[in-house]
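Structure file target_8.pdb (PDB, C-alpha atoms and all ligand atoms) follows.
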```
ATOM      1  CA  MET U 103     -16.786  -5.823  10.385
ATOM      2  CA  THR U 104     -15.888  -6.311  13.977
ATOM      3  CA  THR U 105     -17.939  -9.413  14.650
ATOM      4  CA  SER U 106     -15.443 -11.897  13.278
ATOM      5  CA  SER U 107     -12.925 -13.168  15.779
ATOM      6  CA  ASP U 108     -10.138 -13.607  13.269
ATOM      7  CA  VAL U 109     -10.099 -10.058  12.039
ATOM      8  CA  ILE U 110      -7.138  -8.033  13.157
ATOM      9  CA  GLU U 111      -8.856  -4.771  14.008
ATOM     10  CA  ASP U 112      -5.896  -3.602  15.956
ATOM     11  CA  ALA U 113      -2.363  -4.749  16.460
ATOM     12  CA  PRO U 114      -1.530  -6.718  19.569
ATOM     13  CA  GLU U 115      -0.848  -4.239  22.325
ATOM     14  CA  ALA U 116       2.626  -3.987  23.758
ATOM     15  CA  ASN U 117       2.272  -5.884  27.003
ATOM     16  CA  ASP U 118       4.946  -4.189  29.031
ATOM     17  CA  ASP U 119       6.085  -0.663  29.659
ATOM     18  CA  THR U 120       9.586  -0.981  28.303
ATOM     19  CA  ALA U 121      10.016   1.468  25.464
ATOM     20  CA  LEU U 122      10.420  -0.234  22.104
ATOM     21  CA  PRO U 123      13.229   0.977  19.875
ATOM     22  CA  SER U 124      12.206   3.201  17.006
ATOM     23  CA  ALA U 125      11.763   1.452  13.678
ATOM     24  CA  THR U 126      12.085   4.564  11.565
ATOM     25  CA  LEU U 127      14.856   7.115  11.599
ATOM     26  CA  GLY U 128      12.525  10.033  12.084
ATOM     27  CA  GLY U 129      10.723   8.570  15.069
ATOM     28  CA  GLU U 130       7.105   9.505  15.460
ATOM     29  CA  GLN U 131       7.371  13.193  14.680
ATOM     30  CA  LYS U 132       8.441  13.857  11.146
ATOM     31  CA  ARG U 133      11.212  16.428  11.269
ATOM     32  CA  SER U 134      11.333  19.194   8.700
ATOM     33  CA  ILE U 135      14.259  17.566   6.870
ATOM     34  CA  GLU U 136      12.130  14.469   6.502
ATOM     35  CA  GLN U 137       9.224  16.561   5.226
ATOM     36  CA  ILE U 138      11.476  18.109   2.571
ATOM     37  CA  THR U 139      12.861  14.710   1.546
ATOM     38  CA  LEU U 140       9.338  13.378   1.283
ATOM     39  CA  LEU U 141       8.339  16.334  -0.871
ATOM     40  CA  LEU U 142      11.303  15.660  -3.199
ATOM     41  CA  PHE U 143      10.499  11.966  -3.432
ATOM     42  CA  ILE U 144       6.938  12.770  -4.385
ATOM     43  CA  THR U 145       7.506  15.675  -6.771
ATOM     44  CA  VAL U 146      10.588  14.504  -8.713
ATOM     45  CA  PRO U 147       9.083  11.201  -9.927
ATOM     46  CA  PHE U 148       5.810  13.014 -10.585
ATOM     47  CA  LEU U 149       7.550  15.603 -12.787
ATOM     48  CA  ALA U 150       9.221  12.706 -14.589
ATOM     49  CA  LEU U 151       5.803  11.192 -15.164
ATOM     50  CA  VAL U 152       4.481  14.483 -16.567
ATOM     51  CA  ALA U 153       7.536  14.754 -18.833
ATOM     52  CA  ALA U 154       7.223  11.124 -19.912
ATOM     53  CA  VAL U 155       4.574  11.528 -22.574
ATOM     54  CA  PRO U 156       6.277  14.203 -24.747
ATOM     55  CA  LEU U 157       9.637  12.518 -24.248
ATOM     56  CA  ALA U 158       8.237   9.169 -25.278
ATOM     57  CA  TRP U 159       6.968  10.864 -28.415
ATOM     58  CA  GLY U 160      10.411  12.196 -29.265
ATOM     59  CA  TRP U 161      12.763   9.467 -28.006
ATOM     60  CA  GLY U 162      10.624   6.438 -28.332
ATOM     61  CA  VAL U 163      10.890   4.026 -25.430
ATOM     62  CA  SER U 164      13.249   1.096 -25.774
ATOM     63  CA  TRP U 165      12.055  -2.408 -24.960
ATOM     64  CA  LEU U 166      14.743  -2.562 -22.295
ATOM     65  CA  ASP U 167      13.459   0.565 -20.527
ATOM     66  CA  LEU U 168       9.878  -0.627 -20.785
ATOM     67  CA  GLY U 169      10.896  -4.021 -19.409
ATOM     68  CA  LEU U 170      12.698  -2.404 -16.476
ATOM     69  CA  LEU U 171       9.683  -0.197 -15.772
ATOM     70  CA  VAL U 172       7.248  -3.128 -15.749
ATOM     71  CA  PHE U 173       9.550  -5.455 -13.774
ATOM     72  CA  PHE U 174      10.388  -2.990 -10.996
ATOM     73  CA  TYR U 175       6.813  -1.695 -10.924
ATOM     74  CA  TYR U 176       5.363  -5.121 -10.194
ATOM     75  CA  LEU U 177       8.207  -6.065  -7.861
ATOM     76  CA  GLY U 178       7.463  -3.045  -5.634
ATOM     77  CA  CYS U 179       3.712  -3.302  -6.101
ATOM     78  CA  HIS U 180       3.553  -6.938  -4.975
ATOM     79  CA  GLY U 181       6.042  -6.178  -2.190
ATOM     80  CA  ILE U 182       3.465  -3.696  -0.909
ATOM     81  CA  THR U 183       0.296  -5.691  -1.553
ATOM     82  CA  ILE U 184       1.478  -9.183  -0.596
ATOM     83  CA  GLY U 185       4.095  -8.107   1.932
ATOM     84  CA  PHE U 186       3.322  -4.799   3.665
ATOM     85  CA  HIS U 187      -0.442  -5.138   3.299
ATOM     86  CA  ARG U 188      -1.766  -8.718   3.286
ATOM     87  CA  HIS U 189       1.047 -10.327   5.321
ATOM     88  CA  PHE U 190       2.483  -7.724   7.703
ATOM     89  CA  THR U 191      -0.606  -5.560   8.303
ATOM     90  CA  HIS U 192      -3.378  -8.154   8.251
ATOM     91  CA  GLY U 193      -1.687 -11.525   8.756
ATOM     92  CA  SER U 194      -3.658 -13.106   5.927
ATOM     93  CA  PHE U 195      -0.989 -15.794   5.607
ATOM     94  CA  LYS U 196       2.129 -16.932   7.437
ATOM     95  CA  ALA U 197       5.474 -16.799   5.653
ATOM     96  CA  LYS U 198       8.677 -18.778   6.093
ATOM     97  CA  ARG U 199      11.529 -16.582   7.276
ATOM     98  CA  PRO U 200      13.297 -16.019   3.907
ATOM     99  CA  LEU U 201      10.001 -15.091   2.210
ATOM    100  CA  LYS U 202       9.114 -12.731   5.069
ATOM    101  CA  ILE U 203      12.433 -10.906   4.696
ATOM    102  CA  ALA U 204      12.201 -10.817   0.891
ATOM    103  CA  LEU U 205       8.699  -9.303   1.132
ATOM    104  CA  ALA U 206       9.900  -6.651   3.586
ATOM    105  CA  ILE U 207      12.683  -5.665   1.167
ATOM    106  CA  ALA U 208      10.523  -5.778  -1.980
ATOM    107  CA  GLY U 209       7.902  -3.572  -0.281
ATOM    108  CA  SER U 210      10.581  -1.104   0.844
ATOM    109  CA  MET U 211      11.657  -0.807  -2.804
ATOM    110  CA  ALA U 212       8.263   0.730  -3.633
ATOM    111  CA  VAL U 213       9.502   3.916  -1.893
ATOM    112  CA  GLU U 214       6.307   4.345   0.124
ATOM    113  CA  GLY U 215       7.971   4.849   3.494
ATOM    114  CA  PRO U 216       9.484   2.495   6.089
ATOM    115  CA  LEU U 217       7.745  -0.851   6.717
ATOM    116  CA  VAL U 218       6.742  -0.165  10.311
ATOM    117  CA  ARG U 219       5.280   3.263   9.544
ATOM    118  CA  TRP U 220       3.342   1.907   6.547
ATOM    119  CA  VAL U 221       1.834  -0.895   8.629
ATOM    120  CA  ALA U 222       1.022   1.369  11.609
ATOM    121  CA  ASP U 223      -0.756   3.892   9.367
ATOM    122  CA  HIS U 224      -2.704   1.191   7.595
ATOM    123  CA  ARG U 225      -3.843  -0.573  10.774
ATOM    124  CA  LYS U 226      -5.050   2.803  12.045
ATOM    125  CA  HIS U 227      -6.880   3.315   8.743
ATOM    126  CA  HIS U 228      -8.799   0.064   9.296
ATOM    127  CA  LYS U 229      -9.527   0.858  12.916
ATOM    128  CA  PHE U 230     -11.160   4.201  12.115
ATOM    129  CA  SER U 231     -11.985   3.809   8.401
ATOM    130  CA  ASP U 232     -13.662   6.991   7.151
ATOM    131  CA  ALA U 233     -14.285   8.226  10.703
ATOM    132  CA  GLU U 234     -12.394  10.523  13.069
ATOM    133  CA  GLY U 235      -8.895   9.079  13.461
ATOM    134  CA  ASP U 236      -8.556   7.655   9.929
ATOM    135  CA  PRO U 237      -5.188   8.994   8.665
ATOM    136  CA  HIS U 238      -6.477   9.342   5.112
ATOM    137  CA  SER U 239     -10.223   9.526   4.582
ATOM    138  CA  PRO U 240     -11.445  11.544   1.565
ATOM    139  CA  TRP U 241     -14.542  12.417   3.642
ATOM    140  CA  ARG U 242     -12.490  14.309   6.223
ATOM    141  CA  TYR U 243     -13.845  17.736   5.239
ATOM    142  CA  GLY U 244     -17.472  16.809   4.640
ATOM    143  CA  GLU U 245     -19.710  15.625   1.860
ATOM    144  CA  THR U 246     -20.173  18.662  -0.391
ATOM    145  CA  VAL U 247     -18.373  18.619  -3.727
ATOM    146  CA  PRO U 248     -15.683  21.178  -2.731
ATOM    147  CA  ALA U 249     -15.159  19.338   0.568
ATOM    148  CA  LEU U 250     -14.791  16.035  -1.265
ATOM    149  CA  MET U 251     -12.316  17.557  -3.743
ATOM    150  CA  LYS U 252     -10.242  18.802  -0.843
ATOM    151  CA  GLY U 253     -10.658  15.453   0.916
ATOM    152  CA  LEU U 254      -9.550  13.490  -2.140
ATOM    153  CA  TRP U 255      -6.366  15.524  -2.313
ATOM    154  CA  TRP U 256      -5.821  14.915   1.407
ATOM    155  CA  ALA U 257      -6.399  11.149   1.074
ATOM    156  CA  HIS U 258      -4.178  10.960  -1.997
ATOM    157  CA  VAL U 259      -1.092  12.900  -0.923
ATOM    158  CA  GLY U 260      -1.752  15.525   1.770
ATOM    159  CA  TRP U 261      -2.034  13.134   4.733
ATOM    160  CA  MET U 262       1.594  12.098   4.415
ATOM    161  CA  PHE U 263       2.664  15.587   5.418
ATOM    162  CA  ASP U 264       0.587  15.518   8.586
ATOM    163  CA  GLU U 265       2.787  16.259  11.590
ATOM    164  CA  GLU U 266       0.807  13.861  13.723
ATOM    165  CA  GLN U 267       2.182  10.378  13.296
ATOM    166  CA  THR U 268       0.604   7.028  14.064
ATOM    167  CA  PRO U 269       2.250   5.702  17.242
ATOM    168  CA  GLN U 270       4.280   2.745  16.022
ATOM    169  CA  ASP U 271       4.652   1.016  19.377
ATOM    170  CA  LYS U 272       0.893   0.990  19.743
ATOM    171  CA  TYR U 273      -0.009  -0.122  16.215
ATOM    172  CA  ALA U 274       2.944  -2.275  15.164
ATOM    173  CA  PRO U 275       4.701  -3.659  18.274
ATOM    174  CA  ASP U 276       4.864  -7.118  16.675
ATOM    175  CA  LEU U 277       7.064  -5.770  13.866
ATOM    176  CA  ILE U 278       9.214  -3.551  16.067
ATOM    177  CA  LYS U 279      10.051  -6.525  18.286
ATOM    178  CA  ASP U 280      11.508  -8.439  15.328
ATOM    179  CA  PRO U 281      15.122  -7.214  15.042
ATOM    180  CA  VAL U 282      15.463  -8.022  11.335
ATOM    181  CA  LEU U 283      12.208  -6.307  10.355
ATOM    182  CA  ARG U 284      13.098  -3.339  12.550
ATOM    183  CA  THR U 285      16.463  -3.067  10.782
ATOM    184  CA  ILE U 286      14.919  -3.259   7.294
ATOM    185  CA  SER U 287      12.459  -0.573   8.339
ATOM    186  CA  ARG U 288      15.251   1.681   9.593
ATOM    187  CA  GLN U 289      17.229   1.055   6.392
ATOM    188  CA  PHE U 290      14.507   2.625   4.273
ATOM    189  CA  VAL U 291      16.915   5.099   2.654
ATOM    190  CA  LEU U 292      19.206   2.236   1.638
ATOM    191  CA  TRP U 293      16.378   0.299  -0.051
ATOM    192  CA  THR U 294      15.222   3.476  -1.777
ATOM    193  CA  GLY U 295      18.741   3.842  -3.177
ATOM    194  CA  VAL U 296      18.834   0.220  -4.329
ATOM    195  CA  SER U 297      15.422   0.617  -5.952
ATOM    196  CA  LEU U 298      16.407   3.782  -7.831
ATOM    197  CA  LEU U 299      19.925   2.702  -8.828
ATOM    198  CA  LEU U 300      19.351  -0.870 -10.009
ATOM    199  CA  PRO U 301      17.503   0.091 -13.235
ATOM    200  CA  PRO U 302      20.227   2.518 -14.461
ATOM    201  CA  LEU U 303      22.894  -0.003 -13.495
ATOM    202  CA  ILE U 304      21.202  -2.695 -15.596
ATOM    203  CA  GLY U 305      20.402  -0.250 -18.422
ATOM    204  CA  GLY U 306      23.986   1.021 -18.504
ATOM    205  CA  LEU U 307      25.527  -2.468 -18.475
ATOM    206  CA  VAL U 308      23.208  -3.885 -21.135
ATOM    207  CA  THR U 309      23.734  -0.982 -23.559
ATOM    208  CA  MET U 310      27.274  -0.223 -22.336
ATOM    209  CA  SER U 311      26.443   3.495 -22.466
ATOM    210  CA  TRP U 312      25.750   6.414 -20.121
ATOM    211  CA  TRP U 313      22.714   7.292 -22.229
ATOM    212  CA  GLY U 314      21.312   3.807 -21.639
ATOM    213  CA  ALA U 315      21.837   4.285 -17.905
ATOM    214  CA  PHE U 316      20.106   7.660 -18.056
ATOM    215  CA  THR U 317      17.001   6.509 -19.952
ATOM    216  CA  ALA U 318      16.752   3.475 -17.637
ATOM    217  CA  LEU U 319      16.894   5.832 -14.639
ATOM    218  CA  PHE U 320      14.147   7.952 -16.181
ATOM    219  CA  TRP U 321      11.747   5.134 -17.125
ATOM    220  CA  GLY U 322      12.730   2.304 -14.787
ATOM    221  CA  SER U 323      13.179   4.426 -11.662
ATOM    222  CA  LEU U 324      11.453   7.828 -11.783
ATOM    223  CA  VAL U 325       8.425   7.182 -13.978
ATOM    224  CA  ARG U 326       7.934   3.759 -12.375
ATOM    225  CA  VAL U 327       8.012   5.156  -8.801
ATOM    226  CA  ALA U 328       5.580   7.958  -9.703
ATOM    227  CA  LEU U 329       3.122   5.546 -11.325
ATOM    228  CA  LEU U 330       3.232   3.167  -8.386
ATOM    229  CA  HIS U 331       2.813   6.032  -5.898
ATOM    230  CA  HIS U 332      -0.285   7.323  -7.616
ATOM    231  CA  VAL U 333      -1.849   3.892  -8.025
ATOM    232  CA  THR U 334      -1.250   3.029  -4.354
ATOM    233  CA  TRP U 335      -2.601   6.368  -3.186
ATOM    234  CA  SER U 336      -5.626   5.919  -5.425
ATOM    235  CA  ILE U 337      -6.664   3.059  -3.156
ATOM    236  CA  ASN U 338      -6.857   5.589  -0.316
ATOM    237  CA  SER U 339      -8.580   8.290  -2.335
ATOM    238  CA  ILE U 340     -10.551   6.889  -5.290
ATOM    239  CA  CYS U 341     -11.445   3.532  -3.678
ATOM    240  CA  HIS U 342     -12.950   5.350  -0.659
ATOM    241  CA  ALA U 343     -14.994   7.735  -2.799
ATOM    242  CA  VAL U 344     -16.368   5.758  -5.732
ATOM    243  CA  GLY U 345     -16.885   2.136  -6.781
ATOM    244  CA  LYS U 346     -19.409  -0.625  -6.188
ATOM    245  CA  ARG U 347     -20.215  -1.667  -2.642
ATOM    246  CA  PRO U 348     -21.613  -5.194  -2.788
ATOM    247  CA  PHE U 349     -20.254  -6.091   0.678
ATOM    248  CA  LYS U 350     -21.045  -4.881   4.165
ATOM    249  CA  SER U 351     -18.444  -2.531   5.523
ATOM    250  CA  ARG U 352     -18.867   0.293   7.972
ATOM    251  CA  ASP U 353     -17.027   2.735   5.703
ATOM    252  CA  ARG U 354     -17.210   3.951   2.115
ATOM    253  CA  SER U 355     -14.737   1.581   0.532
ATOM    254  CA  GLY U 356     -15.629   0.599  -3.025
ATOM    255  CA  ASN U 357     -14.600  -1.986  -5.628
ATOM    256  CA  VAL U 358     -12.998  -0.181  -8.579
ATOM    257  CA  TRP U 359     -12.500  -2.605 -11.476
ATOM    258  CA  TRP U 360     -10.345  -0.409 -13.722
ATOM    259  CA  LEU U 361      -7.567  -0.208 -11.128
ATOM    260  CA  ALA U 362      -7.351  -3.992 -10.556
ATOM    261  CA  VAL U 363      -4.419  -4.790 -12.854
ATOM    262  CA  LEU U 364      -2.308  -1.755 -11.951
ATOM    263  CA  SER U 365      -2.995  -2.134  -8.218
ATOM    264  CA  CYS U 366      -2.147  -5.866  -8.186
ATOM    265  CA  GLY U 367      -5.684  -6.702  -7.039
ATOM    266  CA  GLU U 368      -5.972  -4.140  -4.240
ATOM    267  CA  SER U 369      -8.755  -2.091  -5.808
ATOM    268  CA  TRP U 370     -11.371  -4.701  -4.773
ATOM    269  CA  HIS U 371     -11.297  -2.532  -1.698
ATOM    270  CA  ASN U 372     -14.899  -2.950  -0.571
ATOM    271  CA  LEU U 373     -14.380  -6.694  -0.087
ATOM    272  CA  HIS U 374     -11.117  -5.940   1.707
ATOM    273  CA  HIS U 375     -12.820  -3.728   4.298
ATOM    274  CA  ALA U 376     -15.630  -6.269   4.667
ATOM    275  CA  ASP U 377     -13.117  -9.074   5.319
ATOM    276  CA  PRO U 378      -9.683  -7.552   6.069
ATOM    277  CA  THR U 379      -7.774 -10.785   6.746
ATOM    278  CA  SER U 380      -8.801 -12.498   3.516
ATOM    279  CA  ALA U 381      -5.773 -13.358   1.367
ATOM    280  CA  ARG U 382      -7.904 -12.786  -1.730
ATOM    281  CA  HIS U 383      -9.541  -9.420  -2.461
ATOM    282  CA  GLY U 384     -10.943 -10.158  -5.919
ATOM    283  CA  VAL U 385     -13.298 -12.924  -4.815
ATOM    284  CA  GLU U 386     -15.760 -12.955  -7.702
ATOM    285  CA  ARG U 387     -15.338 -14.655 -11.056
ATOM    286  CA  GLY U 388     -13.202 -12.556 -13.382
ATOM    287  CA  GLN U 389     -11.961 -10.187 -10.654
ATOM    288  CA  LEU U 390      -8.232 -10.095 -11.357
ATOM    289  CA  ASP U 391      -6.088 -10.299  -8.224
ATOM    290  CA  SER U 392      -2.450 -10.999  -9.109
ATOM    291  CA  SER U 393      -1.417 -10.787  -5.445
ATOM    292  CA  ALA U 394      -3.741 -13.667  -4.524
ATOM    293  CA  ARG U 395      -2.405 -15.688  -7.464
ATOM    294  CA  ILE U 396       1.190 -15.218  -6.302
ATOM    295  CA  ILE U 397       0.295 -16.031  -2.667
ATOM    296  CA  ARG U 398      -1.170 -19.287  -4.030
ATOM    297  CA  TRP U 399       2.139 -20.024  -5.804
ATOM    298  CA  PHE U 400       4.036 -19.304  -2.567
ATOM    299  CA  GLU U 401       1.684 -21.726  -0.798
ATOM    300  CA  GLN U 402       2.284 -24.432  -3.405
ATOM    301  CA  LEU U 403       6.045 -23.942  -3.008
ATOM    302  CA  GLY U 404       5.670 -24.348   0.758
ATOM    303  CA  TRP U 405       6.920 -20.805   1.451
ATOM    304  CA  ALA U 406       3.527 -19.525   2.655
ATOM    305  CA  TYR U 407       1.156 -21.457   4.945
ATOM    306  CA  ASP U 408      -2.017 -20.970   7.021
ATOM    307  CA  VAL U 409      -3.368 -18.869   4.146
ATOM    308  CA  ARG U 410      -6.797 -17.394   4.871
ATOM    309  CA  TRP U 411      -8.606 -18.215   1.630
ATOM    310  CA  PRO U 412     -12.208 -17.097   1.917
ATOM    311  CA  SER U 413     -14.864 -19.804   1.627
ATOM    312  CA  ARG U 414     -17.958 -19.200  -0.490
ATOM    313  CA  SER U 415     -20.166 -19.123   2.622
ATOM    314  CA  ARG U 416     -17.872 -16.607   4.308
ATOM    315  CA  ILE U 417     -18.022 -14.357   1.250
ATOM    316  CA  ASP U 418     -21.815 -14.683   1.022
ATOM    317  CA  SER U 419     -22.223 -13.832   4.724
ATOM    318  CA  ARG U 420     -20.592 -10.487   4.029
ATOM    319  CA  ARG U 421     -22.848  -9.442   1.180
ATOM    320  CA  SER U 422     -24.965  -6.411   1.841
ATOM    321  CA  SER U 423     -28.698  -6.868   1.454
ATOM    322  CA  ASP U 424     -29.270  -3.726  -0.595
ATOM    323  CA  GLY U 425     -26.255  -4.315  -2.812
ATOM    324  CA  ASN U 426     -24.879  -0.955  -1.889
ATOM    325  CA  GLY U 427     -22.980  -1.630   1.332
ATOM    326  CA  SER U 428     -23.524   0.390   4.423
ATOM    327  CA  ARG U 429     -22.149   3.849   4.389
ATOM    328  CA  ARG U 430     -20.793   5.842   7.193
ATOM    329  CA  GLY U 431     -20.177   9.513   6.715
ATOM    330  CA  LYS U 432     -19.061  12.361   8.836
ATOM    331  CA  ALA U 433     -22.413  12.563  10.534
ATOM    332  CA  THR U 434     -21.958   9.262  12.306
ATOM    333  CA  ALA U 435     -18.198   9.442  12.641
ATOM    334  CA  GLY U 436     -16.698   8.721  15.991
ATOM    335  CA  THR U 437     -19.181   6.085  17.002
ATOM    336  CA  ALA U 438     -16.846   3.235  16.126
TER
HETATM  337 ZN    ZN G 501      -9.299   1.495   2.887
HETATM  338 ZN    ZN G 502      -5.971  -3.225   4.608
END
```
Let me see the structure of the file written as structure tokens.
Ligand SMILES: [Zn+2]
Ligand SMILES: [Zn+2]
Amino acid sequence: MTTSSDVIEDAPEANDDTALPSATLGGEQKRSIEQITLLLFITVPFLALVAAVPLAWGWGVSWLDLGLLVFFYYLGCHGITIGFHRHFTHGSFKAKRPLKIALAIAGSMAVEGPLVRWVADHRKHHKFSDAEGDPHSPWRYGETVPALMKGLWWAHVGWMFDEEQTPQDKYAPDLIKDPVLRTISRQFVLWTGVSLLLPPLIGGLVTMSWWGAFTALFWGSLVRVALLHHVTWSINSICHAVGKRPFKSRDRSGNVWWLAVLSCGESWHNLHHADPTSARHGVERGQLDSSARIIRWFEQLGWAYDVRWPSRSRIDSRRSSDGNGSRRGKATAGTA
């Protein structure tokens, strides 16, 4: 919705002509080396995920490896949902400096690209949601079944290989101007390394064996990264194709209940598009939203403040009259 004054539809524009320093190493055009790296980072964990089931059958999974997988999964997931998404992209709460920095690092450990690029892409997604200009709409190729299949693949993975990049100085000047955030964003490779090496380090030290380090690398790093990738991308693909649409949004975002726990509350995606700055996405009774719960704890600790909790009347004002949201397809694209 564009009618609400407190919705960040777009980032604040850079107000002078001085060129902002780049916040990612590749700049705005992804170079071929970066494309290849990206391909490796997507395929290697995915192959690990495919191998995981038969290996689990044969090896069994130790409690340590399972613990590492769950811990690092939810660390990265909440870094993305609370940090990259609700705080940095939408400003749904303000964070004290140490929390802000911790969120930037935790989100980087999800291996979903540098902070500034993530935020720029996502702000562009909200600006054009499911219309021309959306970096990852599953409706890009049309509404027939083959077109949707192709579009789902595009929204899930394909879009990341697009040569055209979201201009970071236009969509995320507020982040680029912060030297610490800019540095964390540029250090993406470092945080990827930390994220992938910590589990085998812990696994090796606890078991005092190379085998323990290896299985921890497999489960705690590779399988964990692949799972988190696919769950995050499912918000872009599945949650823009299916799901209930009880709220008014100008796109096809849906609420998908079965992804709520794995996505840390982000799959209540219809509400999110209806009220992007809300700190809570699962607003109805029983709608699990672990990110909102943790933001509440941060607030109680005094680390987060000015949290935009949605009031009942605000939620009700966003309900759609027909209970099915308003849809916008290709036919009306470009009118935003
Ligand atoms: Zn969306
Ligand atoms: Zn969003």
### Task
On this file, the PyMOL selection byres (((chain U and resi 220) around 12) and not hetatm) gives some set of residues; write that set as number ranges by chain.
U: 125-126, 182-183, 185-187, 190-191, 206, 209-210, 212-219, 221-227, 237, 262, 267-270, 273-274, 277, 287, 290, 334
### Query
Hey, what's within 12 Å of Trp255 in chain U if we count all atoms listed in the file and toss same-chain stuff fewer than 3 positions away? As a list of chain:residue names, please?
U:His238, U:Ser239, U:Pro240, U:Trp241, U:Arg242, U:Tyr243, U:Pro248, U:Ala249, U:Leu250, U:Met251, U:Lys252, U:His258, U:Val259, U:Gly260, U:Trp261, U:Met262, U:Phe263, U:His332, U:Trp335, U:Ser336, U:Asn338, U:Ser339, U:Ile340, U:Ala343
### Query
Can you tell me, as a VMD selection string, what residues are no more than 9 Å from His180 in chain U when counting only C-alpha atoms, ignoring any on the same chain fewer than 5 positions away?
chain U and resid 175 185 to 186 205 208 to 209 365 to 366 392 to 393 396
### Task
Using only C-alpha atoms, collect all residues at a distance of at most 12 Å from (2.9, 4.6, -10.7) as written in the file, then present them as an NGL selection string.
:U and (144 or 147-148 or 150-152 or 171-172 or 174-176 or 178-179 or 212-214 or 321-336 or 361 or 364-366)
### Task
Could you give me, as a PyMOL selection string, every polymer residue with an atom at most 10 Å away from an atom of ligand ZN 501 (chain G), counting all atoms listed in the file?
chain U and resi 224-225+227-228+230-232+236+238-239+337-342+353-356+368-369+371-372+374-375+378
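One distance worth recording is that between CA of Ser297 in chain U and CA of Leu319 in chain U, which is 10.2 Å.
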### Atomic distance CA of Ile397 in chain U - CA of Ile417 in chain U, expressed in Å with one decimal
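Atom-to-atom, CA of Ile397 in chain U to CA of Ile417 in chain U, that is 18.8 Å.
Atom pair CA of Val247 in chain U / CA of Trp370 in chain U has a distance of 24.4 Å (rounded to one decimal).
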### Query
U:Ile184, U:Ala362, U:Leu403, U:Leu201: which is nearest ligand ZN 502 (chain G), counting only C-alpha atoms and all ligand atoms?
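Using only C-alpha atoms and all ligand atoms, the shortest distance to ligand ZN 502 (chain G) belongs to U:Ile184.
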